[in-house]
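Shown here: model.txt, compact mmCIF, C-alpha atoms.
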```txt
# COMPACT_ATOMS: atom_id res chain seq x y z
CA MET A 628 0.00 0.00 0.00
CA ALA A 629 1.47 3.33 -1.10
CA PRO A 630 2.14 5.81 1.70
CA CYS A 631 -0.19 8.82 1.96
CA ARG A 632 1.25 12.01 0.53
CA SER A 633 0.53 15.54 1.65
CA TRP A 634 -1.53 17.90 -0.53
CA SER A 635 1.40 20.30 -0.32
CA GLU A 636 3.49 17.83 -2.37
CA LEU A 637 1.34 18.04 -5.49
CA PRO A 638 3.38 18.89 -8.64
CA LYS A 639 3.54 22.60 -9.36
CA GLU A 640 2.14 22.05 -12.87
CA LEU A 641 -0.96 20.34 -11.44
CA ILE A 642 -1.48 23.10 -8.87
CA SER A 643 -1.29 25.74 -11.62
CA TYR A 644 -3.74 23.78 -13.78
CA ILE A 645 -6.26 23.51 -10.94
CA ALA A 646 -5.96 27.23 -10.17
CA LYS A 647 -6.80 28.11 -13.78
CA CYS A 648 -10.09 26.22 -13.42
CA LEU A 649 -11.27 28.41 -10.53
CA ASP A 650 -14.01 30.84 -11.48
CA THR A 651 -13.61 33.77 -9.10
CA ARG A 652 -10.94 35.79 -7.36
CA THR A 653 -12.36 34.63 -4.01
CA ASP A 654 -11.81 30.98 -4.99
CA VAL A 655 -8.20 31.69 -5.96
CA LEU A 656 -7.52 33.45 -2.65
CA HIS A 657 -8.91 30.47 -0.74
CA PHE A 658 -6.88 28.09 -2.90
CA ARG A 659 -3.65 29.99 -2.16
CA ALA A 660 -4.40 29.91 1.57
CA VAL A 661 -4.24 26.09 1.81
CA CYS A 662 -0.47 25.90 2.28
CA CYS A 663 2.83 27.60 1.47
CA SER A 664 3.59 25.52 -1.63
CA TRP A 665 0.19 26.30 -3.18
CA ARG A 666 0.62 29.99 -2.42
CA ALA A 667 4.06 29.99 -4.01
CA SER A 668 2.75 28.23 -7.14
CA VAL A 669 -0.20 30.53 -7.82
CA PRO A 670 0.21 34.32 -8.16
CA LEU A 671 -2.05 36.71 -6.29
CA PRO A 672 -5.04 37.38 -8.58
CA PRO A 673 -5.50 40.99 -9.69
CA LYS A 674 -8.60 42.87 -8.66
CA SER A 675 -10.78 42.74 -11.76
CA PRO A 676 -12.36 44.87 -12.95
CA LYS A 677 -10.41 47.79 -11.52
CA LEU A 678 -13.28 49.34 -9.60
CA PRO A 679 -14.39 51.76 -8.24
CA MET A 680 -13.55 53.82 -11.35
CA HIS A 681 -14.01 57.61 -11.59
CA PHE A 682 -15.16 59.40 -14.75
CA SER A 683 -16.97 62.50 -16.03
CA LEU A 684 -20.68 62.29 -16.78
CA PRO A 685 -22.77 64.72 -18.91
CA VAL A 686 -26.13 65.59 -17.32
CA ASN A 687 -29.10 67.70 -18.35
CA ASP A 688 -28.31 70.65 -16.11
CA PRO A 689 -27.18 73.95 -17.73
CA ARG A 690 -25.70 75.14 -14.43
CA LYS A 691 -23.39 72.12 -14.26
CA PRO A 692 -23.46 70.09 -17.52
CA ILE A 693 -20.58 67.82 -16.47
CA VAL A 694 -20.44 66.08 -13.11
CA SER A 695 -18.05 63.59 -11.54
CA ALA A 696 -19.26 60.04 -11.04
CA VAL A 697 -17.96 56.63 -10.09
CA ILE A 698 -18.70 53.08 -11.28
CA SER A 699 -18.87 50.79 -8.27
CA GLN A 700 -19.27 47.04 -7.91
CA THR A 701 -21.38 45.00 -5.50
CA VAL A 702 -20.95 41.28 -4.85
CA VAL A 703 -23.36 38.78 -3.31
CA TYR A 704 -21.61 36.12 -1.25
CA ARG A 705 -22.90 32.94 0.29
CA ILE A 706 -21.17 32.46 3.64
CA ALA A 707 -21.35 29.17 5.51
CA GLN A 708 -19.88 27.82 8.69
CA PRO A 709 -17.35 25.00 8.36
CA GLY A 710 -19.11 21.63 8.57
CA PHE A 711 -17.89 20.70 12.02
CA HIS A 712 -19.21 23.97 13.46
CA ALA A 713 -22.51 23.97 11.54
CA HIS A 714 -25.43 25.48 13.38
CA PRO A 715 -28.34 23.01 13.55
CA ASN A 716 -30.89 25.54 12.28
CA ARG A 717 -28.90 27.96 10.20
CA LYS A 718 -25.89 26.87 8.20
CA SER A 719 -25.57 29.58 5.55
CA CYS A 720 -26.48 33.16 4.76
CA PHE A 721 -26.17 35.75 2.01
CA ILE A 722 -24.45 39.09 2.36
CA ARG A 723 -24.14 41.79 -0.26
CA VAL A 724 -21.25 44.24 -0.17
CA GLU A 725 -19.90 47.14 -2.20
CA GLU A 726 -16.18 47.23 -2.86
CA THR A 727 -14.30 50.41 -1.96
CA GLU A 728 -11.05 51.91 -3.22
CA GLN A 729 -9.26 50.51 -0.17
CA GLU A 730 -8.08 46.93 -0.67
CA ASN A 731 -10.28 44.41 1.18
CA LYS A 732 -12.58 47.16 2.49
CA PHE A 733 -16.31 46.81 1.85
CA ARG A 734 -19.63 48.45 2.67
CA LEU A 735 -22.71 46.40 3.56
CA VAL A 736 -25.53 46.70 0.99
CA ASN A 737 -29.25 46.04 1.41
CA PRO A 738 -29.82 42.59 -0.19
CA PHE A 739 -33.15 43.80 -1.64
CA SER A 740 -31.95 47.03 -3.26
CA GLU A 741 -28.68 48.72 -4.20
CA ARG A 742 -28.66 51.16 -1.30
CA LEU A 743 -26.02 50.89 1.37
CA ILE A 744 -27.06 49.91 4.89
CA LYS A 745 -27.34 53.09 6.89
CA HIS A 746 -27.93 51.51 10.30
CA MET A 747 -25.61 48.54 10.78
CA PRO A 748 -26.92 45.57 12.80
CA ALA A 749 -25.48 45.53 16.30
CA ASN A 750 -24.03 42.04 15.86
CA PHE A 751 -22.40 42.68 12.48
CA PRO A 752 -18.60 42.36 12.73
CA LYS A 753 -16.22 45.03 11.51
CA GLU A 754 -14.01 42.32 10.03
CA ILE A 755 -14.77 38.96 8.41
CA ASN A 756 -11.94 36.52 7.87
CA HIS A 757 -12.79 34.50 4.76
CA LEU A 758 -10.60 31.65 5.97
CA ASN A 759 -12.94 31.05 8.90
CA PHE A 760 -15.88 30.29 6.62
CA ARG A 761 -16.84 28.68 3.33
CA VAL A 762 -17.35 31.62 0.95
CA GLU A 763 -18.97 31.42 -2.49
CA GLU A 764 -19.39 34.32 -4.89
CA LEU A 765 -22.90 34.21 -6.40
CA THR A 766 -23.23 37.32 -8.56
CA LYS A 767 -21.88 40.80 -9.25
CA GLY A 768 -23.69 44.04 -9.90
CA PHE A 769 -22.56 47.46 -11.10
CA SER A 770 -23.91 50.95 -10.54
CA ILE A 771 -23.13 54.60 -11.20
CA ARG A 772 -23.08 57.05 -8.31
CA LEU A 773 -22.66 60.81 -8.51
CA LEU A 774 -19.88 62.40 -6.51
CA LYS A 775 -20.28 65.48 -4.36
CA ASP A 776 -17.98 68.49 -4.65
CA ASP A 777 -15.79 67.10 -1.86
CA GLY A 778 -15.30 63.85 -3.81
CA SER A 779 -17.59 61.71 -1.65
CA SER A 780 -20.65 59.88 -2.95
CA ASP A 781 -24.14 59.85 -1.53
CA LEU A 782 -23.95 56.43 0.07
CA HIS A 783 -27.67 56.17 0.69
CA ASP A 784 -28.97 57.38 -2.65
CA ASN A 785 -30.28 55.18 -5.46
CA ASN A 786 -28.42 54.51 -8.68
CA PHE A 787 -30.33 57.37 -10.30
CA TRP A 788 -28.76 57.36 -13.75
CA THR A 789 -29.15 53.77 -14.90
CA ARG A 790 -31.68 51.07 -14.26
CA LYS A 791 -29.05 48.43 -15.00
CA LEU A 792 -25.36 48.48 -15.92
CA LYS A 793 -23.27 45.58 -17.17
CA LEU A 794 -19.57 45.61 -17.99
CA ALA A 795 -18.01 43.52 -20.74
CA SER A 796 -16.16 40.40 -19.61
CA ASP A 797 -12.92 41.98 -20.86
CA PHE A 798 -13.68 45.41 -19.37
CA ASP A 799 -10.11 45.77 -18.05
CA SER A 800 -8.87 46.02 -21.63
CA SER A 801 -11.90 47.07 -23.70
CA TYR A 802 -13.63 49.39 -21.17
CA LYS A 803 -16.94 48.56 -22.83
CA ALA A 804 -20.30 48.44 -21.09
CA ILE A 805 -24.01 48.39 -21.79
CA SER A 806 -26.83 49.98 -19.80
CA ILE A 807 -30.54 50.62 -19.56
CA SER A 808 -31.31 54.26 -18.83
CA SER A 809 -34.92 55.55 -18.79
CA GLY A 810 -35.83 52.35 -20.64
CA GLN A 811 -33.39 53.04 -23.48
CA LEU A 812 -30.65 50.59 -24.37
CA ARG A 813 -27.22 52.22 -24.54
CA ARG A 814 -23.65 51.12 -25.14
CA ALA A 815 -20.69 52.85 -23.57
CA ARG A 816 -16.93 53.03 -23.69
CA LEU A 817 -14.78 54.60 -21.01
CA ASP A 818 -11.89 56.77 -22.18
CA THR A 819 -9.22 56.10 -19.57
CA TYR A 820 -7.05 58.99 -20.82
CA THR A 821 -9.67 61.74 -20.44
CA ALA A 822 -11.79 59.92 -17.82
CA ASP A 823 -14.86 60.55 -20.02
CA ILE A 824 -17.53 58.00 -20.79
CA HIS A 825 -19.01 57.96 -24.30
CA TRP A 826 -22.61 56.78 -24.65
CA CYS A 827 -24.40 55.70 -27.82
CA SER A 828 -28.08 54.72 -28.01
CA LEU A 829 -28.72 51.27 -29.45
CA ASP A 830 -32.53 51.32 -29.33
CA THR A 831 -34.76 54.27 -28.42
CA GLU A 832 -38.01 52.86 -29.83
CA VAL A 833 -38.77 50.20 -27.19
CA HIS A 834 -38.17 50.16 -23.45
CA TYR A 835 -35.86 47.46 -22.06
CA ARG A 836 -36.18 45.76 -18.68
CA ASP A 837 -33.01 43.71 -18.09
CA ILE A 838 -29.53 42.98 -19.41
CA THR A 839 -26.85 40.46 -18.48
CA ASN A 840 -23.58 38.82 -19.62
CA PHE A 841 -23.54 35.19 -20.62
CA ASP A 842 -21.41 33.04 -22.91
CA GLY A 843 -19.39 36.02 -24.20
CA LYS A 844 -22.49 38.01 -25.10
CA PHE A 845 -24.69 40.76 -23.76
CA PHE A 846 -28.29 39.58 -23.48
CA MET A 847 -31.14 42.06 -23.26
CA VAL A 848 -34.92 41.76 -23.09
CA ASN A 849 -37.45 44.48 -23.83
CA ILE A 850 -40.82 45.12 -22.26
CA TYR A 851 -42.60 42.98 -24.88
CA GLY A 852 -40.38 39.94 -24.37
CA VAL A 853 -38.07 40.16 -27.41
CA ILE A 854 -34.63 38.80 -26.43
CA LEU A 855 -31.43 39.93 -28.15
CA GLY A 856 -27.98 38.37 -27.90
CA MET A 857 -25.14 40.75 -28.79
CA ASP A 858 -21.43 40.06 -29.17
CA GLU A 859 -19.55 41.86 -26.37
CA SER A 860 -16.61 42.87 -28.55
CA PHE A 861 -18.34 44.34 -31.62
CA TYR A 862 -21.92 45.03 -30.43
CA THR A 863 -23.21 42.90 -33.32
CA LEU A 864 -26.48 40.99 -32.98
CA ASP A 865 -25.94 37.25 -32.77
CA GLU A 866 -29.32 36.05 -31.47
CA VAL A 867 -32.85 37.40 -31.88
CA HIS A 868 -35.80 35.70 -30.19
CA THR A 869 -39.36 36.94 -30.56
CA SER A 870 -41.71 37.19 -27.59
CA LEU A 871 -41.97 33.95 -25.63
CA GLU A 872 -45.57 34.57 -24.51
CA GLN A 873 -48.59 33.91 -26.72
CA LYS A 874 -49.40 37.63 -26.69
CA ASP A 875 -47.03 40.56 -26.60
CA TRP A 876 -47.66 42.18 -23.24
CA GLU A 877 -45.96 44.54 -20.90
CA CYS A 878 -44.40 42.23 -18.32
CA GLU A 879 -41.52 42.47 -15.88
CA ARG A 880 -38.57 40.31 -16.86
CA TYR A 881 -35.35 39.18 -15.17
CA PHE A 882 -32.36 37.17 -16.41
CA VAL A 883 -30.96 34.54 -14.04
CA GLU A 884 -27.90 32.34 -14.53
CA SER A 885 -28.13 28.90 -12.93
CA CYS A 886 -25.96 25.80 -13.26
CA GLY A 887 -24.32 27.06 -16.45
CA HIS A 888 -27.62 27.92 -18.15
CA LEU A 889 -29.41 31.22 -18.79
CA TYR A 890 -33.02 31.60 -17.65
CA LEU A 891 -35.62 34.33 -18.09
CA VAL A 892 -38.10 34.90 -15.26
CA VAL A 893 -41.29 36.67 -16.36
CA ARG A 894 -43.82 38.27 -14.04
CA ASP A 895 -46.98 38.03 -16.12
CA PHE A 896 -49.35 41.00 -15.74
CA LEU A 897 -51.75 39.59 -18.33
CA ILE A 898 -53.77 38.15 -15.43
CA CYS A 899 -54.42 41.68 -14.11
CA PRO A 900 -54.31 44.08 -17.11
CA THR A 901 -56.66 46.59 -15.49
CA LEU A 902 -54.68 46.74 -12.24
CA VAL A 903 -51.10 47.21 -13.45
CA GLN A 904 -49.91 49.51 -16.22
CA TYR A 905 -46.49 50.52 -17.42
CA ASN A 906 -45.63 54.23 -17.17
CA TYR A 907 -43.22 55.07 -19.99
CA THR A 908 -42.30 58.44 -18.49
CA LEU A 909 -41.31 56.99 -15.12
CA ASP A 910 -40.04 53.70 -16.59
CA ALA A 911 -41.99 51.78 -13.93
CA PHE A 912 -45.03 49.56 -13.46
CA MET A 913 -47.80 51.32 -11.55
CA THR A 914 -50.99 50.31 -9.75
CA GLU A 915 -53.83 52.02 -7.90
CA ALA A 916 -54.61 48.83 -5.99
CA LYS A 917 -53.14 47.86 -2.68
CA ASP A 918 -50.24 45.46 -3.13
CA ALA A 919 -52.11 42.51 -1.63
CA ASN A 920 -54.86 42.89 -4.27
CA VAL A 921 -52.56 42.48 -7.27
CA PRO A 922 -52.56 38.86 -8.53
CA VAL A 923 -49.14 37.29 -9.03
CA LYS A 924 -48.03 34.86 -11.72
CA PHE A 925 -44.52 33.95 -12.83
CA LYS A 926 -43.23 32.00 -15.80
CA VAL A 927 -39.68 30.67 -16.28
CA TYR A 928 -37.92 30.07 -19.60
CA LYS A 929 -34.60 28.34 -20.26
CA ARG A 930 -32.17 28.91 -23.14
CA ILE A 931 -31.19 25.59 -24.74
CA PRO A 932 -29.53 24.45 -28.01
CA SER A 933 -32.16 24.19 -30.74
CA GLY A 934 -30.43 21.84 -33.18
CA ASP A 935 -31.23 24.31 -35.95
CA GLN A 936 -28.22 25.70 -37.82
CA ARG A 937 -30.01 28.99 -38.55
CA SER A 938 -31.11 29.51 -34.95
CA ARG A 939 -28.70 27.65 -32.69
CA PHE A 940 -30.64 28.37 -29.48
CA CYS A 941 -34.24 28.56 -28.39
CA TRP A 942 -36.16 29.29 -25.18
CA VAL A 943 -38.48 26.73 -23.60
CA GLU A 944 -40.78 27.10 -20.61
CA VAL A 945 -39.85 25.14 -17.49
CA ASN A 946 -42.29 24.44 -14.67
CA ASP A 947 -39.96 22.95 -12.08
CA LEU A 948 -36.67 24.35 -10.78
CA GLY A 949 -35.95 21.18 -8.80
CA ASP A 950 -34.04 21.83 -5.59
CA ARG A 951 -33.01 25.33 -6.68
CA ALA A 952 -34.57 28.71 -5.94
CA PHE A 953 -34.24 31.99 -7.84
CA PHE A 954 -33.88 35.45 -6.32
CA VAL A 955 -34.85 38.30 -8.67
CA SER A 956 -34.93 42.08 -8.42
CA THR A 957 -34.17 45.03 -10.69
CA ASP A 958 -30.46 45.23 -9.89
CA CYS A 959 -29.57 41.73 -8.65
CA SER A 960 -30.59 38.17 -9.55
CA PHE A 961 -29.07 34.77 -8.75
CA SER A 962 -29.92 31.15 -8.03
CA PHE A 963 -28.99 28.91 -5.11
CA LEU A 964 -29.27 25.30 -4.00
CA THR A 965 -31.91 25.12 -1.28
CA LYS A 966 -30.56 21.98 0.38
CA ASP A 967 -27.68 24.13 1.64
CA TYR A 968 -30.20 25.96 3.82
CA THR A 969 -32.00 24.20 6.66
CA GLY A 970 -35.78 23.96 6.28
CA CYS A 971 -35.96 25.37 2.73
CA GLY A 972 -37.45 23.65 -0.30
CA GLY A 973 -36.77 24.43 -3.94
CA ASN A 974 -38.89 25.30 -6.98
CA CYS A 975 -39.63 28.84 -5.81
CA ILE A 976 -38.87 32.46 -6.70
CA ILE A 977 -37.99 35.06 -4.08
CA TYR A 978 -38.72 38.46 -5.58
CA VAL A 979 -38.89 42.14 -4.70
CA ASP A 980 -42.32 43.54 -5.60
CA GLU A 981 -41.27 46.74 -7.38
CA ILE A 982 -44.69 47.92 -8.56
CA ASP A 983 -45.07 51.56 -7.54
CA ASN A 984 -48.28 53.07 -6.21
CA VAL A 985 -50.09 55.78 -8.15
CA GLU A 986 -51.47 57.31 -4.95
CA ARG A 987 -47.95 57.92 -3.63
CA LEU A 988 -47.08 59.85 -6.79
CA ARG A 989 -50.29 61.88 -6.66
CA LYS A 990 -49.41 63.00 -3.14
CA PHE A 991 -45.75 63.56 -4.13
CA GLU A 992 -44.74 61.28 -1.27
CA PRO A 993 -41.04 60.32 -1.30
CA ILE A 994 -39.99 56.69 -1.41
CA GLU A 995 -39.33 55.45 2.10
CA ALA A 996 -35.79 55.26 3.38
CA ASP A 997 -34.38 51.84 2.68
CA ASN A 998 -33.49 50.96 6.25
CA ASP A 999 -33.65 52.34 9.76
CA LYS A 1000 -32.84 51.19 13.26
CA GLU A 1001 -35.81 48.81 13.14
CA GLY A 1002 -34.68 46.92 10.05
CA LEU A 1003 -35.23 46.82 6.30
CA LYS A 1004 -38.34 48.55 4.95
CA GLN A 1005 -38.93 46.00 2.18
CA LEU A 1006 -39.40 43.25 4.78
CA LYS A 1007 -41.65 45.28 7.06
CA ASN A 1008 -43.97 46.41 4.26
CA GLY A 1009 -44.16 42.97 2.64
CA LYS A 1010 -42.41 44.00 -0.60
CA VAL A 1011 -40.11 40.94 -0.52
CA ARG A 1012 -42.18 37.86 -1.31
CA LEU A 1013 -41.90 34.16 -2.11
CA TYR A 1014 -43.67 32.62 -5.10
CA ASN A 1015 -44.21 28.86 -5.25
CA LEU A 1016 -44.06 27.59 -8.83
CA ALA A 1017 -45.90 24.37 -7.96
CA ASP A 1018 -49.11 25.91 -6.60
CA GLN A 1019 -48.61 29.47 -7.93
CA SER A 1020 -49.05 31.00 -4.48
CA SER A 1021 -47.34 34.16 -3.24
CA ALA A 1022 -46.80 35.46 0.29
CA PRO A 1023 -44.46 37.84 2.17
CA LEU A 1024 -41.03 36.39 2.83
CA ALA A 1025 -41.48 37.24 6.52
CA LEU A 1026 -43.93 34.31 6.73
CA PHE A 1027 -41.12 31.89 5.80
CA PRO A 1028 -38.54 32.25 8.60
CA HIS A 1029 -36.11 29.68 7.18
CA TYR A 1030 -35.91 31.61 3.89
CA LEU A 1031 -35.85 34.98 5.64
CA ASP A 1032 -32.90 33.92 7.81
CA MET A 1033 -30.80 33.47 4.68
CA PHE A 1034 -31.05 37.19 3.89
CA TRP A 1035 -31.61 39.19 7.07
CA PRO A 1036 -30.58 39.86 9.75
CA PRO A 1037 -26.96 38.63 9.62
CA PRO A 1038 -26.53 35.55 11.86
CA THR A 1039 -24.81 35.76 15.21
CA TRP A 1040 -22.26 33.12 14.20
CA LEU A 1041 -20.88 35.47 11.51
CA LYS A 1042 -18.66 37.14 14.08
CA TRP A 1043 -17.41 33.81 15.40
CA ASP A 1044 -13.62 33.87 15.52
CA GLN A 1045 -11.40 30.87 15.07
CA GLY A 1046 -8.34 32.81 16.09
CA PRO A 1047 -5.45 33.88 13.86
CA SER A 1048 -5.03 32.07 10.57
CA SER A 1049 -2.51 32.36 7.78
CA ALA A 1050 -3.54 34.04 4.53
```

In structure tokens, write the structure found in this file.
Amino acid sequence: MAPCRSWSELPKELISYIAKCLDTRTDVLHFRAVCCSWRASVPLPPKSPKLPMHFSLPVNDPRKPIVSAVISQTVVYRIAQPGFHAHPNRKSCFIRVEETEQENKFRLVNPFSERLIKHMPANFPKEINHLNFRVEELTKGFSIRLLKDDGSSDLHDNNFWTRKLKLASDFDSSYKAISISSGQLRRARLDTYTADIHWCSLDTEVHYRDITNFDGKFFMVNIYGVILGMDESFYTLDEVHTSLEQKDWECERYFVESCGHLYLVVRDFLICPTLVQYNYTLDAFMTEAKDANVPVKFKVYKRIPSGDQRSRFCWVEVNDLGDRAFFVSTDCSFSFLTKDYTGCGGNCIIYVDEIDNVERLRKFEPIEADNDKEGLKQLKNGKVRLYNLADQSSAPLALFPHYLDMFWPPPTWLKWDQGPSSA
């Protein structure tokens, strides 16, 4: 029987090969932390893309036509206790953070919006050592924030300028991006020499609802369900798919990547056409009804190979997500395996109900602050909900404590300290 060998004795070529198969910077950092030989064999991964990034932004204000702005990045992590310390009722949680210009410094972000947490939970640690936990990067988001005259940004303001922003996979070299602004689809390129950003409208005729990166392409979907696939490098159309529903209708739509496949989640307003309307001026769905009186129906479509040489891919409706769940909102969507979370079943969609109320606009009432000392507003007013695909039921997430615990508040074990560890 051959003697057992240490992991540290693996050939350098094999270590390098394994490191190249890792998907995220977080995975590479964990890989390097295993032992000295692994750390010596794999270089420290660069921070990519190089964000936050400052630039000049033209605005419709004659008093100050050019303002300073910054592109920032948020990341959603799944954090879990090591197996031998697993809590019997709560093994994992999600946290969403915004990266800062200081290395390894982050700000906590509301998981249900893109606003920063103003009132930090009392139990939330000032430092989190990744080596004490199992950490998985689920998704990234990007936003544009205006800068004040003193160079600081309004940390608690919304991403006013774009509904959605996506950077090209090779942004570090191409500096290309695509955005939805006031419903219009725009492409952009950042001039690193002048720090200007150049925008060009791609489609001003139809309002768009979501964009994403997948398989080397930008994917975008408009309000009527037409899906476009565009090459990231040349902005050339590579895929065009007509509306997936039987009738073209104004519906809310979200892209979700799951298990190496691209999905489209559709909130179908055809079941309540007199209750919900799309306001083109405000780029938002509106209702005069109370939220509880608006019927809810979701459909899910999956992009698969078609076998047709002319149209290599098609979209098919799926009715069962298996043991996975989807989280969708305007600025952040991802999927997760529910068996990693105690007491949670799959085949469901957790969503942020983003229909605005006409009465609030009539009274010129401001949107509530995102969070206060009592918690997150979206949870207290029932705007975060869970939809069951099997029975098509919908209810506030607060009624499902096992699901709610994954998002908020942060668990007490998050500040558990194993003691010093090598990085």

Report task. Would you mind listing what lies within 6 Å of Leu1016 (chain A) as number ranges by chain, with only C-alpha atoms counted and same-chain residues fewer than 2 positions away left out? Result -> A: 974-975, 1018-1019

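Comparing A:Cys899, A:Leu889, A:Ala795, A:Ile807 by their smallest distance to Gly843 (chain A), the closest is A:Ala795 (using all atoms listed in the file).
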
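Each of A:Ser828, A:Thr653, A:Ser740, A:Ser809 was compared to Tyr978 (chain A) using only C-alpha atoms, and A:Ser740 turns out to be the nearest.
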
Requested in this report: Tell me, as a PyMOL selection string, which residues lie within 9 Å of Met680 (chain A), counting all atoms listed in the file; anything in the same chain fewer than 6 positions away does not count.
Outcome: chain A and resi 696-699+728

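Within 12 Å of region 640-644 of chain A, once all atoms listed in the file are used and residues closer than 6 positions along the same chain are dropped, the contacting residues are Trp634, Val655, Phe658, Arg659, Val661, Cys662, Ser664, Trp665, Arg666, Ala667, Ser668, Val669 and Pro670 of chain A.
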
Query raised in the report: Need the neighbours of (-37.8, 25.1, -23.6): which residues are at most 12 Å away, counting only C-alpha atoms, as a ChimeraX atom specification?
Result: /A:871,888-891,926-933,940-947

**Report entry** For region 791-794 of chain A: contacts at 8 Å, all atoms listed in the file, fewer than 3 positions along chain excluded, given as an MDAnalysis selection string
**Finding:** chainID A and resid 768:770 798 802:808 837:840 957:958

Report task. Using CA of Asp830 (chain A) and CA of Ala911 (chain A) as the two end points, give the distance in Å to one decimal. Result -> 18.1 Å

Report summary line: Pairwise distance, CA of Thr863 (chain A) with CA of Met847 (chain A), equals 12.8 Å

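In this model, the gap between CA of Trp1035 (chain A) and CA of Ser1021 (chain A) comes to 19.5 Å.
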
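The nearest approach to Thr901 (chain A) among the residues A:Glu754, A:Glu915, A:Asp818, A:Asp950, with only C-alpha atoms taken into account, belongs to A:Glu915.
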
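Between Thr914 (chain A) and the candidates A:Glu726, A:Glu866, A:Glu859, A:Asp983, the tightest atom-to-atom separation, counting only C-alpha atoms, involves A:Asp983.
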
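With distances restricted to all atoms listed in the file, A:Asn920 is the closest residue to Ala1022 (chain A) from A:Thr869, A:Ser938, A:Asn920, A:Ser885.
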
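Between Cys959 (chain A) and the residues A:Phe912, A:Tyr1014, A:Tyr905, A:Phe882, the shortest atom-to-atom distance, using all atoms listed in the file, involves A:Phe882.
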